[in-house]
Amino acid sequence: MFEVKRENKSVETKDNSLKETLQVHEDQVKINIDLKDRLKKYIRKLEDTGSSITKEESKKIELETFKQLYKPKLDGNEESYKKVPKFYFKLPRSDDILSQKLREETRAQFLQKKSKELLDNGELKHLWSLLEKSNGSYSMANTDELTIDYHQFRKIRDEAGPKYRPYFSAEVFGRLQAAEGGVGRVKGVSLFNYVMRRVWLQQTRIGLSLYDVTGQGYLTEHDLESYIAELVPSLAALDGLDSSFTSFYVCTAARKFLFFLDPLRVGRVRIRDVLSCSFLDDLLELREEDLPMELQEQNWFSAASALRVYGQYLNLDRDHNGMLSINELAGFGSGTLTRAFLQRVFQQCLTYDGEMDYKTYLDLVLALENRRQPAALAYLFRVLDINSQGYLDAFTLNYFFKAIQEQMIAHGAEPVNFDDVKDEIFDMIRPEHPSRITLQDLIRSGQGHTAVSILLELHGFWAYENREALAAAGDHS
């Protein structure tokens with residue numbers, strides 16, 4: 001009896017809902033018919049007058065007619081506009097201490113809540129035990145390689161609990177099995193590594209967000225330096241770092257993030273970009289105590305690399321004033337950077353009374369040591385583009401190569417004809433415009449680093465001219 005009453009109630013509810021829908025539809029039809037009638041009357045009135053009107057008068061009449069037809073409807077719904085929820089909140093002013101404190105406390109509570117949603121070490125161990133008990137199959141080639149199908153994948157998700165569900169979606173399974181050849185199964189190790197990596201990224205995101213003062217998803221140079229400074233004590237590979245050098249190390253490390261992740265030079269980087277690049281992995285790699293020296297030398301964030309860069313800066317600073325003049329910078333690297341290039345660097349970059357500080361020097365070092373990277377090519381392109389026209393033409397190439405020819409004469413070598421070099425550069429880059437090389441042309445060609453090296457320093461031009469001999473010597477060695 002109870003079941004019958006419930007069914008009747010359900011049917012009545014559906015009928016009422018259908019009636020309401022039909023009533024709304026009928027009301028809308030009536031409104032449309034009324035509007036059509038009004039428009040027909042207006043058109044008939046214009047035809048009856050038969051008077052010619054100007055374009056301006058026609059627009060005015062149309063506007064008045066529109067207001068007459070639609071204003072009553074708008075006035076009737078005016079109250080609804082007050083119900084639109086507020087969706088934009090301005091950042092509190094610097095002098096509004098109470099609002100700032102409230103915002104900081106709210107963000108801290110939010111980040112704490114997000115942190116609690118992450119899996120801890122005990123929960124990760126529990127996940128691994130569930131994988132081992134999943135009755136998955138083992139590979140014939142490797143008996144230790146456990147694989148699971150989608151049914152077992154869902155079973156593990158249900159047994160693990162609601163906290164694990166974000167890591168066990170159908171999309172995750174599809175991506176993992178596609179990466180392994182699309183055989184309908186995923187490796188247990190791949191799934192576990194994915195979960196660990198995602199937890200680590202979320203933890204790091206929360207950690208970086210603590211330094212995001214405005215809560216807009218960006219880190220300024222000061223925010224980055226604060227994060228790295230507090231991270232230094234946890235990096236075992238930096239245990240021997242002198243305390244007096246720490247501030248220079250932090251500056252050196254933060255500068256790489258800004259150089260590559262802030263192409264518009266606005267002084268901030270997105271937290272999302274920091275997480276998606278490999279720089280953070282390189283920095284956290286220094287947590288290992290027994291990191292080989294070879295790897296440390298290749299890692300920009302290692303103590304060995306930072307000391308090398310800072311040591312070069314001190315050696316160039318012959319007058320020991322903490323800044324570099326153009327004459328002092330001429331000794332950089334092989335000492336063959338052309339005068340024309342150095343002058344453009346000092347014109348284009350921020351200087352203080354005609355001298356370069358350590359941060360500006362770091363940008364130059366990062367550009368010259370990473371010439372294959374788009375950010376480095378963009379930096380060098382701005383220096384080479386003497387007329388700020390967005391492209392390099394024959395005049396620009398000749399301006400810089402003339403300095404190469406002068407260096408060749410100074411070293412007792414016969415200068416190379418510019419036209420030959422110009423043709424080689426254009427053939428190498430193959431720009432879209434036959435007489436203009438843009439930054440995109442340099443990046444797209446894959447030979448941009450070679451082209452700029454020919455124009456910047458004699459050593460780079462010499463390496464290009466003798467590339468075949470150098471390649472043969474490398475093969476023999």
# chains A, B, ... in the order shown; residues from 1 in each chain; ligands from 1
>>> select_by_dssp(residues="region 216-449 of chain A", states="helix (DSSP H, G or I)", output="PyMOL selection string")
chain A and resi 221-234+236-238+243-261+271-276+279-287+293-298+303-316+326-329+339-348+358-369+374-384+394-410+418-429+439-445+448-449
>>> residues_around(residues="Leu384 (chain A)", least_positions_apart="3", cutoff="9 Å", atoms="only C-alpha atoms", output="ChimeraX atom specification")
/A:341,344-345,379-381,387-388,392,396-397,400,452,455-456
>>> write_last_selection(atoms="N, CA, C and O atoms", output="short mmCIF file (atom, residue, chain, number, x, y, z; two decimals), in the first residue's frame")
data_model
loop_
_atom_site.label_atom_id
_atom_site.label_comp_id
_atom_site.auth_asym_id
_atom_site.auth_seq_id
_atom_site.Cartn_x
_atom_site.Cartn_y
_atom_site.Cartn_z
N PHE A 341 78.93 44.19 -29.84
CA PHE A 341 77.96 43.44 -29.05
C PHE A 341 77.93 43.94 -27.61
O PHE A 341 76.85 44.14 -27.03
N ARG A 344 76.05 47.17 -27.25
CA ARG A 344 74.60 46.96 -27.33
C ARG A 344 74.05 46.35 -26.03
O ARG A 344 72.94 46.69 -25.60
N VAL A 345 74.83 45.48 -25.39
CA VAL A 345 74.40 44.91 -24.11
C VAL A 345 74.21 46.02 -23.08
O VAL A 345 73.19 46.06 -22.38
N TYR A 379 66.64 37.10 -25.70
CA TYR A 379 67.53 38.08 -25.07
C TYR A 379 68.57 38.58 -26.07
O TYR A 379 68.76 39.79 -26.24
N LEU A 380 69.22 37.64 -26.76
CA LEU A 380 70.28 38.01 -27.71
C LEU A 380 69.70 38.74 -28.92
O LEU A 380 70.34 39.63 -29.49
N PHE A 381 68.48 38.36 -29.33
CA PHE A 381 67.85 39.01 -30.47
C PHE A 381 67.58 40.48 -30.15
O PHE A 381 67.78 41.35 -31.01
N ASN A 387 67.93 48.57 -34.37
CA ASN A 387 66.93 49.58 -34.72
C ASN A 387 65.56 49.29 -34.11
O ASN A 387 64.59 49.99 -34.44
N SER A 388 65.48 48.26 -33.27
CA SER A 388 64.22 47.86 -32.63
C SER A 388 63.09 47.73 -33.65
O SER A 388 61.97 48.19 -33.44
N LEU A 392 66.20 41.22 -38.23
CA LEU A 392 67.59 41.48 -38.58
C LEU A 392 67.71 41.47 -40.09
O LEU A 392 67.31 40.51 -40.75
N THR A 396 72.05 45.13 -40.38
CA THR A 396 72.31 44.73 -38.99
C THR A 396 73.40 43.67 -38.93
O THR A 396 74.31 43.74 -38.08
N LEU A 397 73.33 42.69 -39.81
CA LEU A 397 74.34 41.64 -39.82
C LEU A 397 75.72 42.22 -40.13
O LEU A 397 76.73 41.84 -39.51
N PHE A 400 77.41 44.03 -37.05
CA PHE A 400 78.07 43.18 -36.06
C PHE A 400 79.23 42.39 -36.67
O PHE A 400 80.23 42.16 -35.98
N VAL A 452 73.66 33.44 -34.17
CA VAL A 452 74.03 34.53 -33.26
C VAL A 452 75.48 34.40 -32.82
O VAL A 452 76.17 35.42 -32.61
N LEU A 455 77.91 36.16 -35.00
CA LEU A 455 77.87 37.62 -34.93
C LEU A 455 78.39 38.18 -33.61
O LEU A 455 78.74 39.37 -33.55
N LEU A 456 78.45 37.36 -32.56
CA LEU A 456 78.76 37.88 -31.22
C LEU A 456 80.24 37.87 -30.88
O LEU A 456 80.73 38.78 -30.23
#
>>> residues_around(residues="region 92-102 of chain A", least_positions_apart="6", cutoff="12 Å", atoms="only C-alpha atoms", output="PyMOL selection string")
chain A and resi 108-109+213-215
>>> closest_residue(among="A:Arg444, A:Glu294, A:Asp420, A:Lys59", to="Glu432 (chain A)", atoms="only C-alpha atoms")
A:Arg444
>>> closest_residue(among="A:Ala253, A:Ala236, A:Leu291, A:Leu342", to="Ser305 (chain A)", atoms="only C-alpha atoms")
A:Ala253
>>> atom_distance(atom1="CA of Leu235 (chain A)", atom2="CA of Lys256 (chain A)")
17.9 Å
>>> select_by_dssp(residues="region 293-402 of chain A", states="strand (DSSP E or B)", output="list of chain:residue names")
A:Leu324, A:Leu337, A:Tyr352, A:Glu355, A:Met356, A:Leu392
>>> residues_around(residues="Ser243 (chain A)", least_positions_apart="4", cutoff="12 Å", atoms="only C-alpha atoms", output="list in words")
Ala229, Val232, Pro233, Leu238, Asp239, Ser247, Phe248, Tyr249 and Val250 of chain A
>>> write_last_selection(atoms="N, CA and C atoms", output="PDB file, in the first residue's frame")
ATOM      1  N   ALA A 229      65.811  30.729   0.015  1.00  0.00           N
ATOM      2  CA  ALA A 229      66.594  30.954   1.242  1.00  0.00           C
ATOM      3  C   ALA A 229      66.163  29.999   2.348  1.00  0.00           C
ATOM      4  N   VAL A 232      67.367  26.311   1.457  1.00  0.00           N
ATOM      5  CA  VAL A 232      68.806  26.004   1.472  1.00  0.00           C
ATOM      6  C   VAL A 232      69.221  25.068   2.615  1.00  0.00           C
ATOM      7  N   PRO A 233      68.785  25.265   3.862  1.00  0.00           N
ATOM      8  CA  PRO A 233      69.228  24.380   4.946  1.00  0.00           C
ATOM      9  C   PRO A 233      68.851  22.906   4.741  1.00  0.00           C
ATOM     10  N   LEU A 238      74.463  21.454  -0.203  1.00  0.00           N
ATOM     11  CA  LEU A 238      74.903  22.830   0.074  1.00  0.00           C
ATOM     12  C   LEU A 238      75.379  22.999   1.513  1.00  0.00           C
ATOM     13  N   ASP A 239      75.645  21.883   2.200  1.00  0.00           N
ATOM     14  CA  ASP A 239      76.042  21.960   3.606  1.00  0.00           C
ATOM     15  C   ASP A 239      77.310  22.774   3.813  1.00  0.00           C
ATOM     16  N   SER A 247      73.544  34.782   0.400  1.00  0.00           N
ATOM     17  CA  SER A 247      72.712  35.774  -0.298  1.00  0.00           C
ATOM     18  C   SER A 247      73.018  35.789  -1.797  1.00  0.00           C
ATOM     19  N   PHE A 248      74.308  35.619  -2.160  1.00  0.00           N
ATOM     20  CA  PHE A 248      74.671  35.581  -3.578  1.00  0.00           C
ATOM     21  C   PHE A 248      74.181  34.284  -4.228  1.00  0.00           C
ATOM     22  N   TYR A 249      74.197  33.192  -3.460  1.00  0.00           N
ATOM     23  CA  TYR A 249      73.689  31.930  -3.989  1.00  0.00           C
ATOM     24  C   TYR A 249      72.193  32.040  -4.270  1.00  0.00           C
ATOM     25  N   VAL A 250      71.451  32.601  -3.329  1.00  0.00           N
ATOM     26  CA  VAL A 250      69.996  32.748  -3.489  1.00  0.00           C
ATOM     27  C   VAL A 250      69.682  33.611  -4.712  1.00  0.00           C
TER      28      VAL A 250
END
>>> residues_around(residues="Leu131 (chain A)", least_positions_apart="3", cutoff="9 Å", atoms="only C-alpha atoms", output="CSV table (one decimal) with N, CA, C and O atoms, in the first residue's frame")
chain,number,residue,atom,x,y,z
A,126,HIS,N,49.9,2.2,2.3
A,126,HIS,CA,48.6,1.4,2.3
A,126,HIS,C,48.2,1.2,0.8
A,126,HIS,O,47.8,0.1,0.4
A,127,LEU,N,48.4,2.2,-0.1
A,127,LEU,CA,48.1,2.0,-1.5
A,127,LEU,C,49.0,1.0,-2.1
A,127,LEU,O,48.5,0.1,-2.9
A,128,TRP,N,50.3,0.9,-1.8
A,128,TRP,CA,51.2,-0.1,-2.3
A,128,TRP,C,50.8,-1.5,-1.9
A,128,TRP,O,50.8,-2.4,-2.7
A,134,SER,N,46.2,-7.0,-5.3
A,134,SER,CA,45.1,-6.8,-6.3
A,134,SER,C,44.9,-8.0,-7.2
A,134,SER,O,44.0,-8.0,-8.1
A,135,ASN,N,45.6,-9.1,-7.0
A,135,ASN,CA,45.5,-10.3,-7.9
A,135,ASN,C,45.8,-9.9,-9.4
A,135,ASN,O,45.3,-10.5,-10.3
A,136,GLY,N,46.7,-8.9,-9.6
A,136,GLY,CA,47.1,-8.6,-10.9
A,136,GLY,C,48.0,-9.6,-11.5
A,136,GLY,O,48.5,-10.5,-10.8
A,146,LEU,N,54.2,-6.1,-11.9
A,146,LEU,CA,52.8,-6.3,-11.7
A,146,LEU,C,52.0,-5.4,-12.6
A,146,LEU,O,52.2,-4.2,-12.7
A,148,ILE,N,47.7,-4.4,-13.8
A,148,ILE,CA,46.3,-4.5,-13.4
A,148,ILE,C,45.4,-4.0,-14.6
A,148,ILE,O,45.8,-3.1,-15.3
A,153,PHE,N,41.6,-2.0,-11.2
A,153,PHE,CA,41.9,-0.5,-10.9
A,153,PHE,C,40.7,0.1,-10.1
A,153,PHE,O,41.0,0.7,-9.1
A,156,ILE,N,40.6,-1.4,-6.5
A,156,ILE,CA,41.6,-0.8,-5.5
A,156,ILE,C,41.0,0.6,-5.1
A,156,ILE,O,41.1,0.9,-3.9
A,188,GLY,N,51.7,-1.6,-12.1
A,188,GLY,CA,51.4,-1.1,-10.7
A,188,GLY,C,52.4,-0.1,-10.3
A,188,GLY,O,52.1,0.9,-9.6
A,189,VAL,N,53.7,-0.2,-10.8
A,189,VAL,CA,54.7,0.7,-10.4
A,189,VAL,C,54.4,2.1,-11.1
A,189,VAL,O,54.6,3.1,-10.5
A,192,PHE,N,51.6,3.8,-9.1
A,192,PHE,CA,52.1,4.3,-7.8
A,192,PHE,C,53.0,5.5,-8.0
A,192,PHE,O,52.9,6.4,-7.2
>>> closest_residue(among="A:Ser129, A:Lys114, A:Val195, A:Ala178", to="Arg165 (chain A)", atoms="only C-alpha atoms")
A:Val195
>>> atom_distance(atom1="CA of Leu130 (chain A)", atom2="CA of Gly161 (chain A)")
11.4 Å
>>> residues_around(residues="Leu329 (chain A)", least_positions_apart="4", cutoff="9 Å", atoms="only C-alpha atoms", output="PDB file with N, CA, C and O atoms, in the first residue's frame")
ATOM      1  N   TYR A 313      82.714  36.603 -11.972  1.00  0.00           N
ATOM      2  CA  TYR A 313      82.301  38.000 -11.813  1.00  0.00           C
ATOM      3  C   TYR A 313      83.347  38.780 -11.013  1.00  0.00           C
ATOM      4  O   TYR A 313      83.710  39.909 -11.378  1.00  0.00           O
ATOM      5  N   LEU A 316      86.460  39.438 -13.108  1.00  0.00           N
ATOM      6  CA  LEU A 316      86.282  40.492 -14.109  1.00  0.00           C
ATOM      7  C   LEU A 316      86.297  41.877 -13.468  1.00  0.00           C
ATOM      8  O   LEU A 316      86.710  42.854 -14.107  1.00  0.00           O
ATOM      9  N   ASP A 317      85.868  41.962 -12.205  1.00  0.00           N
ATOM     10  CA  ASP A 317      85.779  43.244 -11.500  1.00  0.00           C
ATOM     11  C   ASP A 317      87.170  43.668 -11.030  1.00  0.00           C
ATOM     12  O   ASP A 317      87.528  43.532  -9.847  1.00  0.00           O
ATOM     13  N   LEU A 324      80.609  45.960 -13.069  1.00  0.00           N
ATOM     14  CA  LEU A 324      81.450  45.701 -14.238  1.00  0.00           C
ATOM     15  C   LEU A 324      81.265  46.791 -15.276  1.00  0.00           C
ATOM     16  O   LEU A 324      80.139  47.119 -15.653  1.00  0.00           O
ATOM     17  N   SER A 325      82.394  47.331 -15.716  1.00  0.00           N
ATOM     18  CA  SER A 325      82.360  48.294 -16.821  1.00  0.00           C
ATOM     19  C   SER A 325      82.431  47.514 -18.133  1.00  0.00           C
ATOM     20  O   SER A 325      82.661  46.301 -18.146  1.00  0.00           O
ATOM     21  N   GLY A 335      87.164  35.903 -24.130  1.00  0.00           N
ATOM     22  CA  GLY A 335      87.691  37.257 -24.335  1.00  0.00           C
ATOM     23  C   GLY A 335      87.528  37.750 -25.757  1.00  0.00           C
ATOM     24  O   GLY A 335      88.170  38.729 -26.147  1.00  0.00           O
ATOM     25  N   LEU A 337      84.337  38.412 -27.228  1.00  0.00           N
ATOM     26  CA  LEU A 337      83.079  39.108 -27.499  1.00  0.00           C
ATOM     27  C   LEU A 337      83.394  40.451 -28.148  1.00  0.00           C
ATOM     28  O   LEU A 337      84.280  41.187 -27.685  1.00  0.00           O
ATOM     29  N   LEU A 342      79.093  44.171 -27.016  1.00  0.00           N
ATOM     30  CA  LEU A 342      79.159  44.643 -25.634  1.00  0.00           C
ATOM     31  C   LEU A 342      78.495  46.008 -25.480  1.00  0.00           C
ATOM     32  O   LEU A 342      77.797  46.267 -24.491  1.00  0.00           O
ATOM     33  N   MET A 356      77.517  47.499 -14.908  1.00  0.00           N
ATOM     34  CA  MET A 356      76.580  46.391 -14.784  1.00  0.00           C
ATOM     35  C   MET A 356      76.678  45.756 -13.408  1.00  0.00           C
ATOM     36  O   MET A 356      77.774  45.494 -12.913  1.00  0.00           O
TER      37      MET A 356
END
